[in-house]
Amino acid sequence: MKNKKKLVLLSLVAVPSLLYSTPASATEISKPAYILANYNANVANVVQLINNINNTTATFQTNLEAALKAYNALTGTEKQYVTNYSTLSSHQQTRIAYRKLAAQIEEKLNSVDSTSANYYQNVIETRDWYNTLNAAQKTFVSASAQKILTSYIAPNTSVEKVVNKIQLINSSRLSFHKDVADARAELNILRKFSNASLPVGIEQLLLDAEQLVVKDKAAAKEVENAIAALSPKTSTAQDVQAVKTSFEALTPVQQQLVPNVWTLVDFVQGKHTLPTKDNIPKKPDLSDTAAIPGKTTAMTKNKNTYRAKINVATSEIDTERYILTTKDKMTIIIPPLYTLVNEDEGVMDIQVTKKANRITLQATLNKKPVTFDANMEIIIEGLSANSSIVRSNDVGKRVPADFIISGNRHIIQTTTSDTFQILNN
């Protein structure tokens, strides 16, 4: 048995090739034989066609189409060996961008009619844009557009044509404003591309017409603003009639410049139920020095009384509270106006009077006491911790006031005006 093991060992030592034969290469294992055999004829051809694409030359489209056609003819396995496919994909995105650019250029070229005075100027501007393109980008512009952009074109105007346009301007025509604008545009083009001058007095006719255009627009704007000011809540039938009369006083040319004329028609035809002269809601007279909601406002002082004003109207912010400060270690917090029970509008007067240990808070609107759903607060600093606060009830008896203590501050809370007394226990 031992001899047999020795013989086997000797045979392995004598023939090492049995243990260390050369393995097949990774390329040979992974690539099918027919791919290896035809790589140069198929895949390499596509790789080269992609390399031939240049997105700045006139052959860009042709070369891109040739590469795409050859690539699409490959089998699924062959396509895996096209090492520069990402370049082909990038060129396809470039083609999309070039097509979009060409469409924009053609859109601008076609935006002005060939009979317009501005046509020549538009062609020149478009041509300048077209000339910034590279050879590849230009191939995406249609042949008809390229013909216009690369051919000679002369301004389609003349002194005679401009003079004729100006002389035909008539302020009673509904096209008056357009005729004036067209004549000015054509004159500007004539002067831009030639040294021609107009006969004496012709340009003054145009200037006079332009001044009349300005007056027309101003008159129409006044009526437009008057119509915009009409309101179903505050305008009477007399107000509507006054605006109607103003509109009818305009010339037909001016009337067509009033954009909101149909709003006036609605009022004239009775679409809105208007208030009479006696029941028009009056706008409240508001204060220019009123406290600003959400901000801190210093109250004014006269002897022992501090004062502040708060505007109450639908136009005011009603979701922010008012912070009113004094120089007497007191701060008054007025809750947001949406918590105000009173429905009146006007200026709310806030007064705080401090005499000795007595504090009176008064909040009135149009001289009437106000009530809130939320608490007004009087914040007093520096009272002793054992101080208490009382008020007088309806029969004059002292009762504890609603207050809380927070640190060194006593905070009195009330929804109406009241008088409070500080007791040092």
# chains A, B, ... in the order shown; residues from 1 in each chain; ligands from 1
$ residues_around --residues "Ser175 of chain A" --least-positions-apart "2" --cutoff "12 Å" --atoms "only C-alpha atoms" --output "MDAnalysis selection string"
chainID A and resid 168:173 177:182 213 252:254 256:257
$ closest_residue --among "A:Tyr81, A:Thr75, A:Asn195, A:Asn134" --to "Ala102 of chain A" --atoms "only C-alpha atoms"
A:Asn134
$ atom_distance --atom1 "atom CA of Ala356 of chain A" --atom2 "atom CA of Thr297 of chain A"
24.2 Å
$ residues_around --residues "Tyr85 of chain A" --least-positions-apart "4" --cutoff "10 Å" --atoms "only C-alpha atoms" --output "list in words"
Val46, Val47, Ile50, Tyr71, Lys79, Gln80, Tyr81, Ser89, Ser90 and His91 of chain A
$ write_last_selection --atoms "all heavy atoms" --output "compact mmCIF listing (two decimals), in the first residue's frame"
# COMPACT_ATOMS: atom_id res chain seq x y z
N VAL A 46 -19.69 50.64 -36.23
CA VAL A 46 -20.58 51.58 -35.53
C VAL A 46 -19.77 52.53 -34.66
O VAL A 46 -20.02 53.74 -34.61
CB VAL A 46 -21.61 50.81 -34.69
CG1 VAL A 46 -22.42 51.78 -33.82
CG2 VAL A 46 -22.53 50.01 -35.59
N VAL A 47 -18.80 51.98 -33.96
CA VAL A 47 -17.94 52.82 -33.11
C VAL A 47 -17.29 53.91 -33.94
O VAL A 47 -17.22 55.08 -33.54
CB VAL A 47 -16.87 51.95 -32.40
CG1 VAL A 47 -15.84 52.84 -31.70
CG2 VAL A 47 -17.53 51.02 -31.39
N ILE A 50 -19.82 56.63 -35.03
CA ILE A 50 -20.11 57.55 -33.92
C ILE A 50 -18.97 58.55 -33.75
O ILE A 50 -19.19 59.75 -33.53
CB ILE A 50 -20.36 56.78 -32.62
CG1 ILE A 50 -21.63 55.94 -32.74
CG2 ILE A 50 -20.46 57.73 -31.42
CD1 ILE A 50 -21.89 55.02 -31.57
N TYR A 71 -26.21 51.36 -35.88
CA TYR A 71 -26.36 50.85 -34.52
C TYR A 71 -27.65 50.04 -34.39
O TYR A 71 -27.66 48.96 -33.77
CB TYR A 71 -26.38 52.02 -33.52
CG TYR A 71 -26.63 51.58 -32.10
CD1 TYR A 71 -25.61 51.05 -31.32
CD2 TYR A 71 -27.91 51.69 -31.54
CE1 TYR A 71 -25.85 50.63 -30.02
CE2 TYR A 71 -28.15 51.27 -30.25
CZ TYR A 71 -27.12 50.75 -29.48
OH TYR A 71 -27.36 50.33 -28.20
N LYS A 79 -24.76 45.23 -29.60
CA LYS A 79 -24.91 46.60 -29.08
C LYS A 79 -24.20 46.77 -27.74
O LYS A 79 -23.77 47.88 -27.40
CB LYS A 79 -26.39 46.93 -28.92
CG LYS A 79 -27.12 47.14 -30.25
CD LYS A 79 -28.60 47.41 -30.03
CE LYS A 79 -29.31 47.62 -31.37
NZ LYS A 79 -30.77 47.84 -31.20
N GLN A 80 -24.04 45.67 -26.99
CA GLN A 80 -23.37 45.76 -25.70
C GLN A 80 -21.89 46.12 -25.83
O GLN A 80 -21.27 46.59 -24.88
CB GLN A 80 -23.50 44.42 -24.96
CG GLN A 80 -24.93 44.04 -24.63
CD GLN A 80 -25.02 42.69 -23.94
OE1 GLN A 80 -24.03 42.19 -23.42
NE2 GLN A 80 -26.21 42.09 -23.97
N TYR A 81 -21.34 45.91 -27.02
CA TYR A 81 -19.90 46.16 -27.22
C TYR A 81 -19.61 47.50 -27.89
O TYR A 81 -18.47 47.80 -28.23
CB TYR A 81 -19.30 45.01 -28.04
CG TYR A 81 -19.31 43.70 -27.27
CD1 TYR A 81 -20.38 42.82 -27.37
CD2 TYR A 81 -18.26 43.38 -26.40
CE1 TYR A 81 -20.42 41.65 -26.66
CE2 TYR A 81 -18.29 42.21 -25.67
CZ TYR A 81 -19.37 41.34 -25.80
OH TYR A 81 -19.41 40.19 -25.06
N SER A 89 -25.88 58.90 -27.79
CA SER A 89 -27.05 59.37 -27.07
C SER A 89 -26.98 60.88 -26.84
O SER A 89 -27.97 61.59 -26.97
CB SER A 89 -27.17 58.64 -25.74
OG SER A 89 -28.29 59.09 -25.01
N SER A 90 -25.79 61.38 -26.52
CA SER A 90 -25.59 62.81 -26.29
C SER A 90 -25.87 63.59 -27.57
O SER A 90 -26.49 64.66 -27.54
CB SER A 90 -24.17 63.07 -25.80
OG SER A 90 -23.94 64.45 -25.66
N HIS A 91 -25.43 63.06 -28.71
CA HIS A 91 -25.68 63.74 -29.99
C HIS A 91 -27.17 63.79 -30.30
O HIS A 91 -27.66 64.75 -30.91
CB HIS A 91 -24.93 63.02 -31.11
CG HIS A 91 -23.46 63.31 -31.15
ND1 HIS A 91 -22.96 64.58 -31.06
CD2 HIS A 91 -22.37 62.48 -31.27
CE1 HIS A 91 -21.63 64.54 -31.12
NE2 HIS A 91 -21.26 63.28 -31.24
$ residues_around --residues "Gln146 of chain A" --least-positions-apart "4" --cutoff "12 Å" --atoms "only C-alpha atoms" --output "number ranges by chain"
A: 102, 105-106, 109, 123, 126-127, 130-131, 137-142, 150-152
$ write_last_selection --atoms "N, CA and C atoms" --output "PDB file, in the first residue's frame"
ATOM      1  N   ALA A 102     -33.830  76.174 -34.064  1.00  0.00           N
ATOM      2  CA  ALA A 102     -34.232  76.506 -35.429  1.00  0.00           C
ATOM      3  C   ALA A 102     -35.696  76.943 -35.465  1.00  0.00           C
ATOM      4  N   ILE A 105     -35.989  80.543 -34.299  1.00  0.00           N
ATOM      5  CA  ILE A 105     -35.539  81.486 -35.328  1.00  0.00           C
ATOM      6  C   ILE A 105     -36.615  81.664 -36.398  1.00  0.00           C
ATOM      7  N   GLU A 106     -37.201  80.564 -36.839  1.00  0.00           N
ATOM      8  CA  GLU A 106     -38.245  80.651 -37.863  1.00  0.00           C
ATOM      9  C   GLU A 106     -39.493  81.352 -37.324  1.00  0.00           C
ATOM     10  N   LEU A 109     -38.773  85.026 -37.489  1.00  0.00           N
ATOM     11  CA  LEU A 109     -38.781  85.483 -38.885  1.00  0.00           C
ATOM     12  C   LEU A 109     -40.213  85.659 -39.392  1.00  0.00           C
ATOM     13  N   VAL A 123     -36.183  91.032 -40.326  1.00  0.00           N
ATOM     14  CA  VAL A 123     -35.308  90.122 -41.066  1.00  0.00           C
ATOM     15  C   VAL A 123     -33.851  90.344 -40.677  1.00  0.00           C
ATOM     16  N   THR A 126     -33.251  88.899 -37.234  1.00  0.00           N
ATOM     17  CA  THR A 126     -33.248  87.433 -37.292  1.00  0.00           C
ATOM     18  C   THR A 126     -31.981  86.929 -37.967  1.00  0.00           C
ATOM     19  N   ARG A 127     -31.532  87.654 -38.997  1.00  0.00           N
ATOM     20  CA  ARG A 127     -30.309  87.269 -39.700  1.00  0.00           C
ATOM     21  C   ARG A 127     -29.108  87.339 -38.759  1.00  0.00           C
ATOM     22  N   TYR A 130     -29.259  84.316 -36.718  1.00  0.00           N
ATOM     23  CA  TYR A 130     -28.933  83.136 -37.537  1.00  0.00           C
ATOM     24  C   TYR A 130     -27.420  83.029 -37.757  1.00  0.00           C
ATOM     25  N   ASN A 131     -26.765  84.163 -37.931  1.00  0.00           N
ATOM     26  CA  ASN A 131     -25.316  84.159 -38.198  1.00  0.00           C
ATOM     27  C   ASN A 131     -24.487  83.766 -36.975  1.00  0.00           C
ATOM     28  N   GLN A 137     -26.008  73.751 -36.669  1.00  0.00           N
ATOM     29  CA  GLN A 137     -27.279  74.352 -36.243  1.00  0.00           C
ATOM     30  C   GLN A 137     -28.037  74.942 -37.424  1.00  0.00           C
ATOM     31  N   LYS A 138     -27.326  75.529 -38.364  1.00  0.00           N
ATOM     32  CA  LYS A 138     -27.973  76.149 -39.526  1.00  0.00           C
ATOM     33  C   LYS A 138     -28.709  75.118 -40.382  1.00  0.00           C
ATOM     34  N   THR A 139     -28.244  73.880 -40.402  1.00  0.00           N
ATOM     35  CA  THR A 139     -28.890  72.864 -41.238  1.00  0.00           C
ATOM     36  C   THR A 139     -30.290  72.509 -40.752  1.00  0.00           C
ATOM     37  N   PHE A 140     -30.637  72.871 -39.526  1.00  0.00           N
ATOM     38  CA  PHE A 140     -31.972  72.574 -39.003  1.00  0.00           C
ATOM     39  C   PHE A 140     -32.989  73.661 -39.368  1.00  0.00           C
ATOM     40  N   VAL A 141     -32.507  74.805 -39.854  1.00  0.00           N
ATOM     41  CA  VAL A 141     -33.402  75.873 -40.302  1.00  0.00           C
ATOM     42  C   VAL A 141     -33.919  75.499 -41.687  1.00  0.00           C
ATOM     43  N   SER A 142     -35.221  75.684 -41.919  1.00  0.00           N
ATOM     44  CA  SER A 142     -35.819  75.272 -43.184  1.00  0.00           C
ATOM     45  C   SER A 142     -35.176  75.988 -44.370  1.00  0.00           C
ATOM     46  N   THR A 150     -30.323  84.537 -46.099  1.00  0.00           N
ATOM     47  CA  THR A 150     -29.019  84.605 -46.784  1.00  0.00           C
ATOM     48  C   THR A 150     -29.090  85.400 -48.086  1.00  0.00           C
ATOM     49  N   SER A 151     -30.255  85.956 -48.399  1.00  0.00           N
ATOM     50  CA  SER A 151     -30.408  86.729 -49.633  1.00  0.00           C
ATOM     51  C   SER A 151     -30.479  88.218 -49.324  1.00  0.00           C
ATOM     52  N   TYR A 152     -30.244  89.031 -50.335  1.00  0.00           N
ATOM     53  CA  TYR A 152     -30.330  90.487 -50.169  1.00  0.00           C
ATOM     54  C   TYR A 152     -31.788  90.895 -50.029  1.00  0.00           C
TER      55      TYR A 152
END
$ residues_around --residues "Asn393 of chain A" --least-positions-apart "4" --cutoff "12 Å" --atoms "only C-alpha atoms" --output "list in words"
Lys397, Arg398, Val399, Pro400, Ala401, Asp418, Thr419 and Phe420 of chain A
$ write_last_selection --atoms "all heavy atoms" --output "PDB file, in the first residue's frame"
ATOM      1  N   LYS A 397     -69.611  97.087  45.535  1.00  0.00           N
ATOM      2  CA  LYS A 397     -68.880  96.288  46.521  1.00  0.00           C
ATOM      3  C   LYS A 397     -67.563  95.804  45.939  1.00  0.00           C
ATOM      4  O   LYS A 397     -67.479  95.416  44.780  1.00  0.00           O
ATOM      5  CB  LYS A 397     -69.734  95.089  46.946  1.00  0.00           C
ATOM      6  CG  LYS A 397     -69.104  94.246  48.029  1.00  0.00           C
ATOM      7  CD  LYS A 397     -70.020  93.091  48.415  1.00  0.00           C
ATOM      8  CE  LYS A 397     -69.378  92.230  49.503  1.00  0.00           C
ATOM      9  NZ  LYS A 397     -70.254  91.072  49.876  1.00  0.00           N
ATOM     10  N   ARG A 398     -66.516  95.834  46.769  1.00  0.00           N
ATOM     11  CA  ARG A 398     -65.215  95.335  46.311  1.00  0.00           C
ATOM     12  C   ARG A 398     -65.235  93.819  46.163  1.00  0.00           C
ATOM     13  O   ARG A 398     -65.667  93.117  47.072  1.00  0.00           O
ATOM     14  CB  ARG A 398     -64.116  95.719  47.296  1.00  0.00           C
ATOM     15  CG  ARG A 398     -63.712  97.163  47.271  1.00  0.00           C
ATOM     16  CD  ARG A 398     -62.544  97.374  48.222  1.00  0.00           C
ATOM     17  NE  ARG A 398     -62.111  98.748  48.257  1.00  0.00           N
ATOM     18  CZ  ARG A 398     -61.090  99.181  49.011  1.00  0.00           C
ATOM     19  NH1 ARG A 398     -60.441  98.306  49.794  1.00  0.00           N
ATOM     20  NH2 ARG A 398     -60.736 100.454  48.986  1.00  0.00           N
ATOM     21  N   VAL A 399     -64.740  93.379  44.985  1.00  0.00           N
ATOM     22  CA  VAL A 399     -64.621  91.932  44.733  1.00  0.00           C
ATOM     23  C   VAL A 399     -63.258  91.681  44.107  1.00  0.00           C
ATOM     24  O   VAL A 399     -62.657  92.580  43.493  1.00  0.00           O
ATOM     25  CB  VAL A 399     -65.745  91.426  43.791  1.00  0.00           C
ATOM     26  CG1 VAL A 399     -67.106  91.555  44.448  1.00  0.00           C
ATOM     27  CG2 VAL A 399     -65.699  92.166  42.457  1.00  0.00           C
ATOM     28  N   PRO A 400     -62.707  90.463  44.260  1.00  0.00           N
ATOM     29  CA  PRO A 400     -61.390  90.172  43.649  1.00  0.00           C
ATOM     30  C   PRO A 400     -61.448  90.332  42.120  1.00  0.00           C
ATOM     31  O   PRO A 400     -62.405  89.912  41.467  1.00  0.00           O
ATOM     32  CB  PRO A 400     -61.124  88.722  44.045  1.00  0.00           C
ATOM     33  CG  PRO A 400     -61.965  88.503  45.257  1.00  0.00           C
ATOM     34  CD  PRO A 400     -63.200  89.322  45.050  1.00  0.00           C
ATOM     35  N   ALA A 401     -60.462  90.956  41.591  1.00  0.00           N
ATOM     36  CA  ALA A 401     -60.352  91.094  40.130  1.00  0.00           C
ATOM     37  C   ALA A 401     -59.703  89.835  39.549  1.00  0.00           C
ATOM     38  O   ALA A 401     -59.054  89.064  40.264  1.00  0.00           O
ATOM     39  CB  ALA A 401     -59.520  92.322  39.781  1.00  0.00           C
ATOM     40  N   ASP A 418     -62.870  99.050  33.078  1.00  0.00           N
ATOM     41  CA  ASP A 418     -63.093  98.833  34.515  1.00  0.00           C
ATOM     42  C   ASP A 418     -62.044  99.606  35.315  1.00  0.00           C
ATOM     43  O   ASP A 418     -61.046 100.084  34.753  1.00  0.00           O
ATOM     44  CB  ASP A 418     -63.010  97.343  34.852  1.00  0.00           C
ATOM     45  CG  ASP A 418     -63.898  96.965  36.025  1.00  0.00           C
ATOM     46  OD1 ASP A 418     -64.218  97.866  36.845  1.00  0.00           O
ATOM     47  OD2 ASP A 418     -64.280  95.793  36.128  1.00  0.00           O
ATOM     48  N   THR A 419     -62.303  99.710  36.643  1.00  0.00           N
ATOM     49  CA  THR A 419     -61.362 100.348  37.549  1.00  0.00           C
ATOM     50  C   THR A 419     -60.864  99.315  38.558  1.00  0.00           C
ATOM     51  O   THR A 419     -61.686  98.553  39.123  1.00  0.00           O
ATOM     52  CB  THR A 419     -62.016 101.531  38.285  1.00  0.00           C
ATOM     53  OG1 THR A 419     -62.412 102.521  37.320  1.00  0.00           O
ATOM     54  CG2 THR A 419     -61.047 102.158  39.278  1.00  0.00           C
ATOM     55  N   PHE A 420     -59.575  99.345  38.822  1.00  0.00           N
ATOM     56  CA  PHE A 420     -58.967  98.331  39.712  1.00  0.00           C
ATOM     57  C   PHE A 420     -58.168  99.033  40.805  1.00  0.00           C
ATOM     58  O   PHE A 420     -57.636 100.137  40.617  1.00  0.00           O
ATOM     59  CB  PHE A 420     -58.038  97.423  38.900  1.00  0.00           C
ATOM     60  CG  PHE A 420     -58.703  96.782  37.706  1.00  0.00           C
ATOM     61  CD1 PHE A 420     -58.642  97.391  36.448  1.00  0.00           C
ATOM     62  CD2 PHE A 420     -59.420  95.604  37.848  1.00  0.00           C
ATOM     63  CE1 PHE A 420     -59.254  96.834  35.365  1.00  0.00           C
ATOM     64  CE2 PHE A 420     -60.047  95.033  36.744  1.00  0.00           C
ATOM     65  CZ  PHE A 420     -59.968  95.655  35.501  1.00  0.00           C
TER      66      PHE A 420
END
$ decode --residues "segment 66-86 of chain A" --atoms "N, CA, C and O atoms" --output "short mmCIF file (atom, residue, chain, number, x, y, z; two decimals), in the first residue's frame"
data_model
loop_
_atom_site.label_atom_id
_atom_site.label_comp_id
_atom_site.auth_asym_id
_atom_site.auth_seq_id
_atom_site.Cartn_x
_atom_site.Cartn_y
_atom_site.Cartn_z
N ALA A 66 -26.51 58.14 -40.08
CA ALA A 66 -25.76 56.96 -40.52
C ALA A 66 -25.37 56.09 -39.32
O ALA A 66 -25.49 54.86 -39.36
N ALA A 67 -24.92 56.76 -38.24
CA ALA A 67 -24.51 56.01 -37.04
C ALA A 67 -25.72 55.34 -36.38
O ALA A 67 -25.65 54.19 -35.94
N LEU A 68 -26.84 56.05 -36.33
CA LEU A 68 -28.05 55.48 -35.74
C LEU A 68 -28.55 54.28 -36.53
O LEU A 68 -28.95 53.25 -35.97
N LYS A 69 -28.51 54.39 -37.85
CA LYS A 69 -28.98 53.30 -38.71
C LYS A 69 -28.12 52.06 -38.50
O LYS A 69 -28.63 50.93 -38.39
N ALA A 70 -26.79 52.25 -38.46
CA ALA A 70 -25.88 51.12 -38.28
C ALA A 70 -26.03 50.51 -36.89
O ALA A 70 -25.99 49.29 -36.72
N TYR A 71 -26.21 51.36 -35.88
CA TYR A 71 -26.36 50.85 -34.52
C TYR A 71 -27.65 50.04 -34.39
O TYR A 71 -27.66 48.96 -33.77
N ASN A 72 -28.73 50.53 -34.96
CA ASN A 72 -30.01 49.83 -34.87
C ASN A 72 -30.00 48.49 -35.61
O ASN A 72 -30.84 47.62 -35.34
N ALA A 73 -29.06 48.32 -36.54
CA ALA A 73 -28.95 47.07 -37.29
C ALA A 73 -28.20 45.99 -36.51
O ALA A 73 -28.22 44.82 -36.88
N LEU A 74 -27.54 46.38 -35.42
CA LEU A 74 -26.81 45.41 -34.60
C LEU A 74 -27.78 44.53 -33.82
O LEU A 74 -28.91 44.91 -33.53
N THR A 75 -27.31 43.36 -33.45
CA THR A 75 -28.09 42.51 -32.56
C THR A 75 -27.97 43.05 -31.14
O THR A 75 -27.11 43.90 -30.85
N GLY A 76 -28.82 42.55 -30.26
CA GLY A 76 -28.78 43.00 -28.88
C GLY A 76 -27.44 42.74 -28.22
O GLY A 76 -26.93 43.57 -27.46
N THR A 77 -26.82 41.61 -28.54
CA THR A 77 -25.51 41.27 -27.96
C THR A 77 -24.43 42.19 -28.50
O THR A 77 -23.56 42.67 -27.77
N GLU A 78 -24.48 42.47 -29.81
CA GLU A 78 -23.46 43.34 -30.42
C GLU A 78 -23.54 44.76 -29.86
O GLU A 78 -22.50 45.41 -29.66
N LYS A 79 -24.76 45.23 -29.60
CA LYS A 79 -24.91 46.60 -29.08
C LYS A 79 -24.20 46.77 -27.74
O LYS A 79 -23.77 47.88 -27.40
N GLN A 80 -24.04 45.67 -26.99
CA GLN A 80 -23.37 45.76 -25.70
C GLN A 80 -21.89 46.12 -25.83
O GLN A 80 -21.27 46.59 -24.88
N TYR A 81 -21.34 45.91 -27.02
CA TYR A 81 -19.90 46.16 -27.22
C TYR A 81 -19.61 47.50 -27.89
O TYR A 81 -18.47 47.80 -28.23
N VAL A 82 -20.67 48.33 -28.07
CA VAL A 82 -20.47 49.69 -28.62
C VAL A 82 -20.05 50.57 -27.44
O VAL A 82 -20.86 51.05 -26.67
N THR A 83 -18.76 50.76 -27.33
CA THR A 83 -18.19 51.41 -26.15
C THR A 83 -18.49 52.91 -26.06
O THR A 83 -18.37 53.49 -24.98
N ASN A 84 -18.87 53.54 -27.18
CA ASN A 84 -19.12 54.99 -27.16
C ASN A 84 -20.60 55.30 -27.41
O ASN A 84 -20.95 56.34 -27.98
N TYR A 85 -21.47 54.39 -26.94
CA TYR A 85 -22.91 54.62 -27.14
C TYR A 85 -23.37 55.91 -26.43
O TYR A 85 -24.26 56.61 -26.91
N SER A 86 -22.78 56.23 -25.29
CA SER A 86 -23.18 57.44 -24.56
C SER A 86 -22.96 58.69 -25.41
O SER A 86 -23.71 59.66 -25.32
#
